[in-house]
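Structure file target-v7.cif (mmCIF, C-alpha atoms) is printed below.
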```cif
data_data
loop_
_atom_site.group_PDB
_atom_site.id
_atom_site.type_symbol
_atom_site.label_atom_id
_atom_site.label_comp_id
_atom_site.auth_asym_id
_atom_site.auth_seq_id
_atom_site.Cartn_x
_atom_site.Cartn_y
_atom_site.Cartn_z
ATOM 1 C CA GLN T 204 54.236 50.834 26.054
ATOM 2 C CA VAL T 205 55.030 47.961 28.381
ATOM 3 C CA GLN T 206 58.454 46.509 29.030
ATOM 4 C CA LEU T 207 58.828 42.908 30.200
ATOM 5 C CA VAL T 208 61.838 41.314 31.871
ATOM 6 C CA GLU T 209 61.869 37.551 32.314
ATOM 7 C CA SER T 210 63.986 35.432 34.603
ATOM 8 C CA GLY T 211 64.171 31.935 36.031
ATOM 9 C CA GLY T 212 64.983 29.708 33.085
ATOM 10 C CA GLY T 213 67.728 27.126 33.136
ATOM 11 C CA LEU T 214 68.690 23.479 32.897
ATOM 12 C CA VAL T 215 66.857 20.898 34.959
ATOM 13 C CA GLN T 216 66.501 17.129 34.963
ATOM 14 C CA ALA T 217 63.246 15.471 34.004
ATOM 15 C CA GLY T 218 60.868 15.489 36.944
ATOM 16 C CA GLY T 219 62.369 18.666 38.321
ATOM 17 C CA SER T 220 60.905 22.131 38.802
ATOM 18 C CA LEU T 221 61.566 25.682 37.709
ATOM 19 C CA ARG T 222 59.857 28.988 38.402
ATOM 20 C CA LEU T 223 59.753 31.683 35.762
ATOM 21 C CA SER T 224 59.129 35.333 36.594
ATOM 22 C CA CYS T 225 58.163 38.235 34.362
ATOM 23 C CA ALA T 226 58.224 41.798 35.675
ATOM 24 C CA ALA T 227 56.262 44.432 33.785
ATOM 25 C CA SER T 228 56.899 48.160 33.738
ATOM 26 C CA GLY T 229 55.609 51.131 31.792
ATOM 27 C CA ALA T 230 51.955 51.498 30.791
ATOM 28 C CA ILE T 231 50.787 48.568 32.885
ATOM 29 C CA PHE T 232 47.435 50.125 33.792
ATOM 30 C CA SER T 233 45.995 48.938 30.479
ATOM 31 C CA ILE T 234 47.012 45.292 30.799
ATOM 32 C CA ARG T 235 44.143 42.831 30.936
ATOM 33 C CA THR T 236 45.848 39.486 30.397
ATOM 34 C CA MET T 237 49.306 38.200 31.254
ATOM 35 C CA GLY T 238 50.645 34.911 30.059
ATOM 36 C CA TRP T 239 53.376 32.572 28.992
ATOM 37 C CA TYR T 240 54.054 31.087 25.583
ATOM 38 C CA ARG T 241 56.829 28.809 24.433
ATOM 39 C CA GLN T 242 58.638 27.981 21.232
ATOM 40 C CA ALA T 243 60.682 24.848 20.687
ATOM 41 C CA PRO T 244 63.203 24.569 17.828
ATOM 42 C CA GLY T 245 61.446 24.059 14.520
ATOM 43 C CA LYS T 246 58.006 24.579 16.030
ATOM 44 C CA GLN T 247 55.532 27.424 16.221
ATOM 45 C CA ARG T 248 55.094 29.481 19.342
ATOM 46 C CA GLU T 249 52.308 28.042 21.484
ATOM 47 C CA LEU T 250 50.237 29.110 24.437
ATOM 48 C CA VAL T 251 51.225 27.706 27.816
ATOM 49 C CA ALA T 252 49.020 29.616 30.259
ATOM 50 C CA THR T 253 47.321 32.962 30.773
ATOM 51 C CA ILE T 254 45.871 34.826 33.732
ATOM 52 C CA THR T 255 43.688 37.915 33.900
ATOM 53 C CA ARG T 256 45.218 40.765 35.811
ATOM 54 C CA ALA T 257 42.052 41.860 37.572
ATOM 55 C CA PHE T 258 40.439 38.631 38.714
ATOM 56 C CA GLY T 259 43.140 36.016 38.291
ATOM 57 C CA VAL T 260 41.145 33.855 35.908
ATOM 58 C CA THR T 261 43.491 31.242 34.469
ATOM 59 C CA ASN T 262 43.691 29.271 31.252
ATOM 60 C CA TYR T 263 46.095 26.407 30.555
ATOM 61 C CA ALA T 264 47.164 24.407 27.553
ATOM 62 C CA ASP T 265 46.177 20.770 27.962
ATOM 63 C CA PHE T 266 49.782 19.605 27.938
ATOM 64 C CA VAL T 267 50.625 21.517 31.144
ATOM 65 C CA LYS T 268 47.449 21.036 33.166
ATOM 66 C CA GLY T 269 48.239 19.608 36.559
ATOM 67 C CA ARG T 270 51.960 20.365 36.214
ATOM 68 C CA PHE T 271 52.279 24.129 35.698
ATOM 69 C CA THR T 272 50.692 26.935 37.707
ATOM 70 C CA ILE T 273 50.436 30.548 36.610
ATOM 71 C CA SER T 274 50.017 33.307 39.173
ATOM 72 C CA ARG T 275 50.435 37.055 39.430
ATOM 73 C CA ASP T 276 51.358 39.652 42.009
ATOM 74 C CA ASN T 277 49.731 42.902 40.988
ATOM 75 C CA ALA T 278 51.600 44.864 43.635
ATOM 76 C CA LYS T 279 54.854 43.839 41.958
ATOM 77 C CA ASN T 280 53.441 43.833 38.401
ATOM 78 C CA THR T 281 54.845 40.361 38.031
ATOM 79 C CA VAL T 282 53.525 37.120 36.585
ATOM 80 C CA TYR T 283 54.961 33.740 37.516
ATOM 81 C CA LEU T 284 54.969 30.277 36.012
ATOM 82 C CA GLN T 285 55.673 27.442 38.431
ATOM 83 C CA MET T 286 56.662 24.398 36.402
ATOM 84 C CA ASN T 287 56.696 21.013 38.124
ATOM 85 C CA SER T 288 57.201 17.471 36.812
ATOM 86 C CA LEU T 289 59.110 18.843 33.857
ATOM 87 C CA LYS T 290 59.556 16.653 30.795
ATOM 88 C CA PRO T 291 62.156 16.786 28.020
ATOM 89 C CA GLU T 292 59.384 17.911 25.645
ATOM 90 C CA ASP T 293 58.949 21.044 27.767
ATOM 91 C CA THR T 294 62.317 22.232 26.468
ATOM 92 C CA ALA T 295 61.758 25.563 24.725
ATOM 93 C CA VAL T 296 62.245 29.292 24.935
ATOM 94 C CA TYR T 297 59.511 30.645 27.173
ATOM 95 C CA TYR T 298 58.114 34.094 26.447
ATOM 96 C CA CYS T 299 56.106 36.373 28.677
ATOM 97 C CA ASN T 300 53.206 38.202 27.039
ATOM 98 C CA VAL T 301 50.774 40.928 28.068
ATOM 99 C CA ARG T 302 47.707 42.183 26.226
ATOM 100 C CA ASP T 303 45.201 44.955 26.619
ATOM 101 C CA PRO T 304 41.599 45.124 25.404
ATOM 102 C CA GLY T 305 42.585 47.362 22.497
ATOM 103 C CA GLY T 306 44.838 44.745 20.946
ATOM 104 C CA TYR T 307 48.163 46.024 22.237
ATOM 105 C CA ASP T 308 50.558 43.140 22.580
ATOM 106 C CA ALA T 309 53.987 43.071 24.267
ATOM 107 C CA TRP T 310 56.547 40.272 24.523
ATOM 108 C CA GLY T 311 59.515 39.587 26.715
ATOM 109 C CA GLN T 312 62.923 38.633 25.369
ATOM 110 C CA GLY T 313 62.445 34.957 26.192
ATOM 111 C CA THR T 314 64.130 32.648 28.660
ATOM 112 C CA GLN T 315 65.517 29.208 27.810
ATOM 113 C CA VAL T 316 64.212 26.167 29.639
ATOM 114 C CA THR T 317 66.055 22.917 28.998
ATOM 115 C CA VAL T 318 64.913 19.627 30.498
ATOM 116 C CA SER T 319 67.341 16.735 30.298
ATOM 117 C CA SER T 320 66.227 13.109 30.278
#
```

Any chance you could put this one into C-alpha cells?
Amino acid sequence: QVQLVESGGGLVQAGGSLRLSCAASGAIFSIRTMGWYRQAPGKQRELVATITRAFGVTNYADFVKGRFTISRDNAKNTVYLQMNSLKPEDTAVYYCNVRDPGGYDAWGQGTQVTVSS
C-alpha cells in the first residue's frame, strides 16, 4: 500500500499563487501515475493534472492549462502542483492520487485551497 501526505493549501487572494506537495511512502515502486484532483462543494471530484512517474509525461485539465504546473521529484517520492493566477473558482479541496498499472488507487487526505475575490 501507498500512503500520501499532502501539504501547501491555504487562503490566497485572486491572482495569487500556491504550491501543493504530496509525499508518498510505502509500496511506491509500483506507482505509474501521480496526480491531483479537486472537489468543490456540491460538485464531483475532477481531474486537475497528472504526471507519469517514469518519464514525466503530463496531462492537464483545460481549465488549468497555462496556470498550473505539475512536477515530481522521484528521489523524494513527491509530486507538486504549482498554482499561479488563482481564481475564486479554483476554491476546492485538492487531493493527491497515485495509480499503478494493476488498478491500485490511493488518495491523500485532501488539502483546502481557498481563493478570495

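With distances restricted to only C-alpha atoms, T:Thr253 is the closest residue to Tyr283 in chain T from T:Ser233, T:Ser319, T:Asn262, T:Thr253.
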
As an exercise, work out the distance from CA of Tyr240 in chain T to CA of Gln216 in chain T in Å and give it to one decimal place.
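Taking CA of Tyr240 in chain T and CA of Gln216 in chain T, their separation equals 20.9 Å.
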
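The shortest atom-to-atom distance to Gly218 in chain T, with only C-alpha atoms taken into account, belongs to T:Leu289 out of T:Leu289, T:Val301, T:Met237, T:Val318.
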
Taking the file above as input, evaluate the PyMOL selection byres ((chain T and resi 305) around 12) and report the hits as a PyMOL selection string.
chain T and resi 233-236+301-304+306-308

Could you spell out the hits of the PyMOL selection byres ((chain T and resi 271) around 9) on the shown file, as JSON, numbers by chain?
{"T": [251, 252, 263, 267, 268, 269, 270, 272, 273, 284, 285, 286, 287, 288, 289]}
